[in-house]
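Engineer: If you scroll down you'll find the structure; I have some questions about it.
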Amino acid sequence: MSLTLTRQDRPELQKAIEEIVDSGFAGVQLRVNDERGEWVGSAGVRKLGESAKPPTDGRFRIGSTTKTFTATVVLQLVAEGKIGLDSPADDYLPGFGLDRRITVRMLLQHTSGLFNYTGEYYDDGTVAPGIPWQGQEYVDNQFHTYQPEELVRLALSKPARFEPGTDWSYSNTNYVLAKLLIEEVTGRSLAEVIQRLILQPLGMSDTVVPGASPEIPEPHAHGYYRYEHAGQWKVVDVTRFNVSWISAAGDMISTTEDLHTFFSALMSGKLLPDSLLAEMRTPHPKLGYGLGLFVEETDGGGTIFNHNGGFFGWAALMYSTPDGSKTLTASLTTGDAELDFAATAEAFQKAHQRLVNEVFCGGQAKSADEAADPTQPTG
C-alpha cells in the first residue's frame, strides 16, 4: 500500500492544478505516485453551475491516451507470434488494398503516410477536411455511429501525405487500422482483447472501451464544448457522446488510478518482453514518437514517457519515468471560458508543462508532444 498524501503535504501540486483551472478549464483531477507516496487532488468544478469539485476517482474520456493501449495489444500479439511487426499490414487486412510498403510498425509510429480521417493540417496553413469535427456539424453528430471500416475508406479515398516510411505525421487512421488488425488476427473485438491482455490481469475494473455507447459510468465530471454558430456563442454539454468517430485512436474511458496502474506496469516490463518494450520506446527523430507513446528528454538529462489525449470537452495526461516508479495521471474538462481554440490550447500547454516540471524535473523539461496537443479535436 502506498502512502496517500494530502494537499497540505504537496501544496505545489494543488497550486498547479488550480492554475490550470484559472487558465480556462472547468475542472482537473490529478494523481501523482512517486517516492513520497501517492497524492490525489482536484480543482475547479464537477459541473458548471455547481460548487462540487471533480471526484478524484472519477471516470473520464482519455482521448489519444487510448493509442498506448492499442499499441500495447498489438505488441503483445507480436510477442505471441500472431503479428509480424515489420510485416505488411495488408497481409492481415487484404480488403482495403493498402500499399504493401506500409508495415504494422508504421501504423503504430505514424509513419505510414495515410491521410488522417479527422482532417489534415498542412505546413502552408491549408486544411483538408475529414469527418465533421467542429461547430454545429460536430454537435449534430453527437450520437452518430461510425463504423471503423467507413473511417478507413474515407482516409484511403484521399491522397497520402508521403511515401510510406519517409516521414512522420500523426494520423488517427493508423490506429483504426490497428484495431481492425487486432480483431482480424484474434477473431475477437478489441474490447475483449484489451480485457483479456491488460484490464483483467491488472485489475483495472474502472476502464471501459465504450464502442458506440455514449454513456460514461459514474462518478464523473462534465465536459463542455464552446463554439460559434450563426453569430452566436453556444456552450454544449458533451459528457454523453458517441465516440465511435475516434474508435481505437481515442475512445476509451478510465480513471487516474487505472491509468497509473497501466502505465506503471507497462514501463516496468510487466506487459511486454524487454525487446518489444525497447522497440516501443525507440522514438522517431521527428517529435520523438515511439510505438504508441512519446519520448521526452528532460533538461536534467533524464527521460520520461507519455501519451496525452483529448477532444472537445476532455483532456488526459499520462506520464511515467522509464521504470514506472513515478507517474503523473490527470483528467481535465473544458467549460465555458471565453477563450478561442488557440488561446485555450496555449493556456493548457503552459499550465500542464509546469505541472510536469513540478513532478519530474524540479521545474525544467522540454516538451516533445506539443504537435499532438491534448486539446486538439483529433483524439
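Here, A, B, ... name the chains of the C-alpha cells in the order displayed, residue numbers run from 1 inside each chain, and ligands are numbered from 1 in the same displayed order.
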Which neighbours of stretch 31-36 of chain A fall inside 7 Å, counting only C-alpha atoms, when residues of the same chain fewer than 4 positions from it are skipped, and could you give them as a PDB file with N, CA and C atoms, in the first residue's frame?
Structural biologist:
ATOM      1  N   VAL A  40      -3.392  12.639  -4.422  1.00  0.00           N
ATOM      2  CA  VAL A  40      -4.542  12.847  -5.301  1.00  0.00           C
ATOM      3  C   VAL A  40      -5.206  14.157  -4.917  1.00  0.00           C
ATOM      4  N   GLY A  41      -5.690  14.867  -5.922  1.00  0.00           N
ATOM      5  CA  GLY A  41      -6.356  16.127  -5.659  1.00  0.00           C
ATOM      6  C   GLY A  41      -7.190  16.547  -6.845  1.00  0.00           C
ATOM      7  N   THR A 256      -7.753   8.146 -13.131  1.00  0.00           N
ATOM      8  CA  THR A 256      -6.325   8.417 -12.905  1.00  0.00           C
ATOM      9  C   THR A 256      -5.643   7.219 -12.249  1.00  0.00           C
ATOM     10  N   SER A 325       8.278   3.919 -11.732  1.00  0.00           N
ATOM     11  CA  SER A 325       8.210   4.202 -10.289  1.00  0.00           C
ATOM     12  C   SER A 325       7.602   5.562  -9.975  1.00  0.00           C
ATOM     13  N   LYS A 326       7.574   6.454 -10.956  1.00  0.00           N
ATOM     14  CA  LYS A 326       6.989   7.775 -10.762  1.00  0.00           C
ATOM     15  C   LYS A 326       6.036   8.046 -11.916  1.00  0.00           C
ATOM     16  N   THR A 327       4.772   8.300 -11.604  1.00  0.00           N
ATOM     17  CA  THR A 327       3.778   8.569 -12.637  1.00  0.00           C
ATOM     18  C   THR A 327       2.961   9.801 -12.302  1.00  0.00           C
ATOM     19  N   LEU A 328       2.450  10.422 -13.349  1.00  0.00           N
ATOM     20  CA  LEU A 328       1.506  11.519 -13.243  1.00  0.00           C
ATOM     21  C   LEU A 328       0.350  11.189 -14.179  1.00  0.00           C
ATOM     22  N   THR A 329      -0.868  11.126 -13.630  1.00  0.00           N
ATOM     23  CA  THR A 329      -2.048  10.913 -14.460  1.00  0.00           C
ATOM     24  C   THR A 329      -3.089  11.946 -14.081  1.00  0.00           C
ATOM     25  N   ALA A 330      -3.792  12.466 -15.081  1.00  0.00           N
ATOM     26  CA  ALA A 330      -4.721  13.557 -14.809  1.00  0.00           C
ATOM     27  C   ALA A 330      -5.833  13.604 -15.838  1.00  0.00           C
TER      28      ALA A 330
END
Engineer: From a DSSP calculation on the backbone, collect every residue of stretch 96-273 of chain A in strand (DSSP E or B) and output the set as a VMD selection string.
Structural biologist: chain A and resid 103 120 to 121 127 to 128 208 220 224 to 229 232 to 237 253 to 254
Engineer: So which one's closest to A:Glu50, A:His222, A:Arg240, A:Arg100, A:His307? Using only C-alpha atoms, please.
Structural biologist: A:His222
Engineer: Neighbouring residues of A:Ser171 were defined as those with any atom within 6 Å, considering only C-alpha atoms; residues of the same chain fewer than 2 positions away were excluded. Please report them as a VMD selection string.
Structural biologist: chain A and resid 116 173 to 174
Engineer: For those residues, write C-alpha atoms to a file as a CSV table (one decimal), in the first residue's frame.
Structural biologist:
chain,number,residue,atom,x,y,z
A,116,ASN,CA,-5.9,11.5,-41.2
A,173,THR,CA,-6.3,6.3,-39.4
A,174,ASN,CA,-3.3,4.3,-38.3
Engineer: Using only C-alpha atoms, determine which residues lie at most 10 Å from A:Val295, disregarding the query and same-chain residues fewer than 5 positions distant; provide the list as JSON, numbers by chain.
Structural biologist: {"A": [280, 281, 282, 283, 284, 287, 288, 289, 290, 303, 304, 305, 306, 307, 319, 322, 367, 368, 369]}
Engineer: Neighbouring residues of A:Val104 were defined as those with any atom within 6 Å, considering only C-alpha atoms; residues of the same chain fewer than 5 positions away were excluded. Please report them as a ChimeraX atom specification.
Structural biologist: /A:85-86,89
Engineer: Need the shell around A:Ile20: protein/DNA/RNA residues with any atom at most 8 Å away, counting only C-alpha atoms. Skip same-chain ones fewer than 4 positions apart. Format as a short mmCIF file (atom, residue, chain, number, x, y, z; two decimals) with N, CA and C atoms, in the first residue's frame?
Structural biologist:
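Output below, filename around17.cif:
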data_model
loop_
_atom_site.label_atom_id
_atom_site.label_comp_id
_atom_site.auth_asym_id
_atom_site.auth_seq_id
_atom_site.Cartn_x
_atom_site.Cartn_y
_atom_site.Cartn_z
N ALA A 16 -0.67 24.00 -8.71
CA ALA A 16 -0.52 23.79 -10.15
C ALA A 16 -1.84 23.47 -10.82
N GLY A 24 -8.58 28.50 -17.76
CA GLY A 24 -9.78 28.37 -18.58
C GLY A 24 -10.46 27.03 -18.57
N PHE A 25 -9.98 26.11 -17.75
CA PHE A 25 -10.59 24.78 -17.68
C PHE A 25 -11.61 24.73 -16.55
N VAL A 28 -10.12 19.82 -12.91
CA VAL A 28 -8.92 18.99 -13.04
C VAL A 28 -8.92 17.97 -11.90
N ALA A 347 -2.94 28.17 -23.26
CA ALA A 347 -3.05 28.21 -21.80
C ALA A 347 -2.85 26.84 -21.21
N PHE A 348 -3.44 25.83 -21.85
CA PHE A 348 -3.27 24.47 -21.36
C PHE A 348 -1.80 24.04 -21.44
N ALA A 351 0.24 25.57 -18.59
CA ALA A 351 -0.11 25.09 -17.27
C ALA A 351 0.27 23.63 -17.08
N HIS A 352 0.03 22.81 -18.10
CA HIS A 352 0.32 21.38 -17.94
C HIS A 352 1.83 21.14 -17.93
#
Engineer: Between atom CA of A:Ser268 and atom CA of A:Gly324, what is the distance, to one decimal in Å?
Structural biologist: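 Result for atom CA of A:Ser268 versus atom CA of A:Gly324: 5.1 Å, one decimal.
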Engineer: Could you pull the residues within 6 Å of A:Leu5, counting only C-alpha atoms, minus those fewer than 2 positions along the same chain, as a ChimeraX atom specification?
Structural biologist: /A:9,38-39
Engineer: With only C-alpha atoms as the atoms that count, which of A:Val185, A:Ala52, A:Leu108, A:Ala221 lies nearest to A:Lys82?
Structural biologist: A:Val185
Engineer: Produce a table with one row for each residue of stretch 218-320 of chain A that has an atom at most 12 Å from any atom of stretch 201-212 of chain A, each row naming the nearest atom pair and its distance in Å at one decimal; use only C-alpha atoms; arrange rows by chain and rising residue number; format as JSON lines.
Structural biologist:
{"residue": "A:Glu218", "atom": "CA", "partner": "A:Asp206", "partner_atom": "CA", "distance": 10.0}
{"residue": "A:Pro219", "atom": "CA", "partner": "A:Asp206", "partner_atom": "CA", "distance": 10.4}
{"residue": "A:His220", "atom": "CA", "partner": "A:Asp206", "partner_atom": "CA", "distance": 11.5}
{"residue": "A:Arg240", "atom": "CA", "partner": "A:Ala212", "partner_atom": "CA", "distance": 11.0}
{"residue": "A:Phe241", "atom": "CA", "partner": "A:Ala212", "partner_atom": "CA", "distance": 8.8}
{"residue": "A:Asn242", "atom": "CA", "partner": "A:Ala212", "partner_atom": "CA", "distance": 5.4}
{"residue": "A:Val243", "atom": "CA", "partner": "A:Ala212", "partner_atom": "CA", "distance": 6.4}
{"residue": "A:Ser244", "atom": "CA", "partner": "A:Ala212", "partner_atom": "CA", "distance": 5.2}
{"residue": "A:Trp245", "atom": "CA", "partner": "A:Ala212", "partner_atom": "CA", "distance": 8.8}
{"residue": "A:Ile246", "atom": "CA", "partner": "A:Gly211", "partner_atom": "CA", "distance": 9.9}
{"residue": "A:Ser247", "atom": "CA", "partner": "A:Gly211", "partner_atom": "CA", "distance": 7.3}
{"residue": "A:Ala248", "atom": "CA", "partner": "A:Val209", "partner_atom": "CA", "distance": 8.7}
{"residue": "A:Ala249", "atom": "CA", "partner": "A:Val209", "partner_atom": "CA", "distance": 11.5}
{"residue": "A:Gly250", "atom": "CA", "partner": "A:Val209", "partner_atom": "CA", "distance": 9.8}
{"residue": "A:Asp251", "atom": "CA", "partner": "A:Val209", "partner_atom": "CA", "distance": 6.8}
{"residue": "A:Met252", "atom": "CA", "partner": "A:Val209", "partner_atom": "CA", "distance": 4.9}
{"residue": "A:Ile253", "atom": "CA", "partner": "A:Val208", "partner_atom": "CA", "distance": 5.0}
{"residue": "A:Ser254", "atom": "CA", "partner": "A:Thr207", "partner_atom": "CA", "distance": 4.3}
{"residue": "A:Thr255", "atom": "CA", "partner": "A:Asp206", "partner_atom": "CA", "distance": 6.6}
{"residue": "A:Thr256", "atom": "CA", "partner": "A:Asp206", "partner_atom": "CA", "distance": 9.8}
{"residue": "A:Glu257", "atom": "CA", "partner": "A:Met204", "partner_atom": "CA", "distance": 8.7}
{"residue": "A:Asp258", "atom": "CA", "partner": "A:Met204", "partner_atom": "CA", "distance": 5.6}
{"residue": "A:Leu259", "atom": "CA", "partner": "A:Thr207", "partner_atom": "CA", "distance": 8.6}
{"residue": "A:His260", "atom": "CA", "partner": "A:Met204", "partner_atom": "CA", "distance": 10.1}
{"residue": "A:Thr261", "atom": "CA", "partner": "A:Leu202", "partner_atom": "CA", "distance": 7.2}
{"residue": "A:Phe262", "atom": "CA", "partner": "A:Leu202", "partner_atom": "CA", "distance": 7.3}
{"residue": "A:Phe263", "atom": "CA", "partner": "A:Leu202", "partner_atom": "CA", "distance": 10.7}
{"residue": "A:Ser264", "atom": "CA", "partner": "A:Leu202", "partner_atom": "CA", "distance": 10.6}
{"residue": "A:Ala265", "atom": "CA", "partner": "A:Leu202", "partner_atom": "CA", "distance": 8.1}
{"residue": "A:Leu266", "atom": "CA", "partner": "A:Leu202", "partner_atom": "CA", "distance": 10.4}
{"residue": "A:Lys270", "atom": "CA", "partner": "A:Leu202", "partner_atom": "CA", "distance": 9.5}
{"residue": "A:Leu271", "atom": "CA", "partner": "A:Pro201", "partner_atom": "CA", "distance": 9.4}
Engineer: Where in stretch 184-255 of chain A does DSSP assign alpha helix (DSSP H), given as a PyMOL selection string?
Structural biologist: chain A and resi 184-186+190-194+200-202
Engineer: Based on the selection just made, write C-alpha atoms of those residues as a PDB file, in the first residue's frame.
Structural biologist:
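Result saved to again.pdb:
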ATOM      1  CA  GLU A 184      -8.878  -9.907 -37.661  1.00  0.00           C
ATOM      2  CA  VAL A 185      -5.986 -11.760 -36.051  1.00  0.00           C
ATOM      3  CA  THR A 186      -7.780 -12.716 -32.824  1.00  0.00           C
ATOM      4  CA  LEU A 190     -10.754  -5.081 -29.436  1.00  0.00           C
ATOM      5  CA  ALA A 191     -12.674  -4.530 -26.191  1.00  0.00           C
ATOM      6  CA  GLU A 192     -12.485  -8.265 -25.432  1.00  0.00           C
ATOM      7  CA  VAL A 193      -8.780  -8.441 -26.272  1.00  0.00           C
ATOM      8  CA  ILE A 194      -7.920  -5.414 -24.106  1.00  0.00           C
ATOM      9  CA  GLN A 200      -8.200  -8.215 -16.205  1.00  0.00           C
ATOM     10  CA  PRO A 201      -4.564  -9.099 -15.387  1.00  0.00           C
ATOM     11  CA  LEU A 202      -4.002  -5.664 -13.857  1.00  0.00           C
TER      12      LEU A 202
END
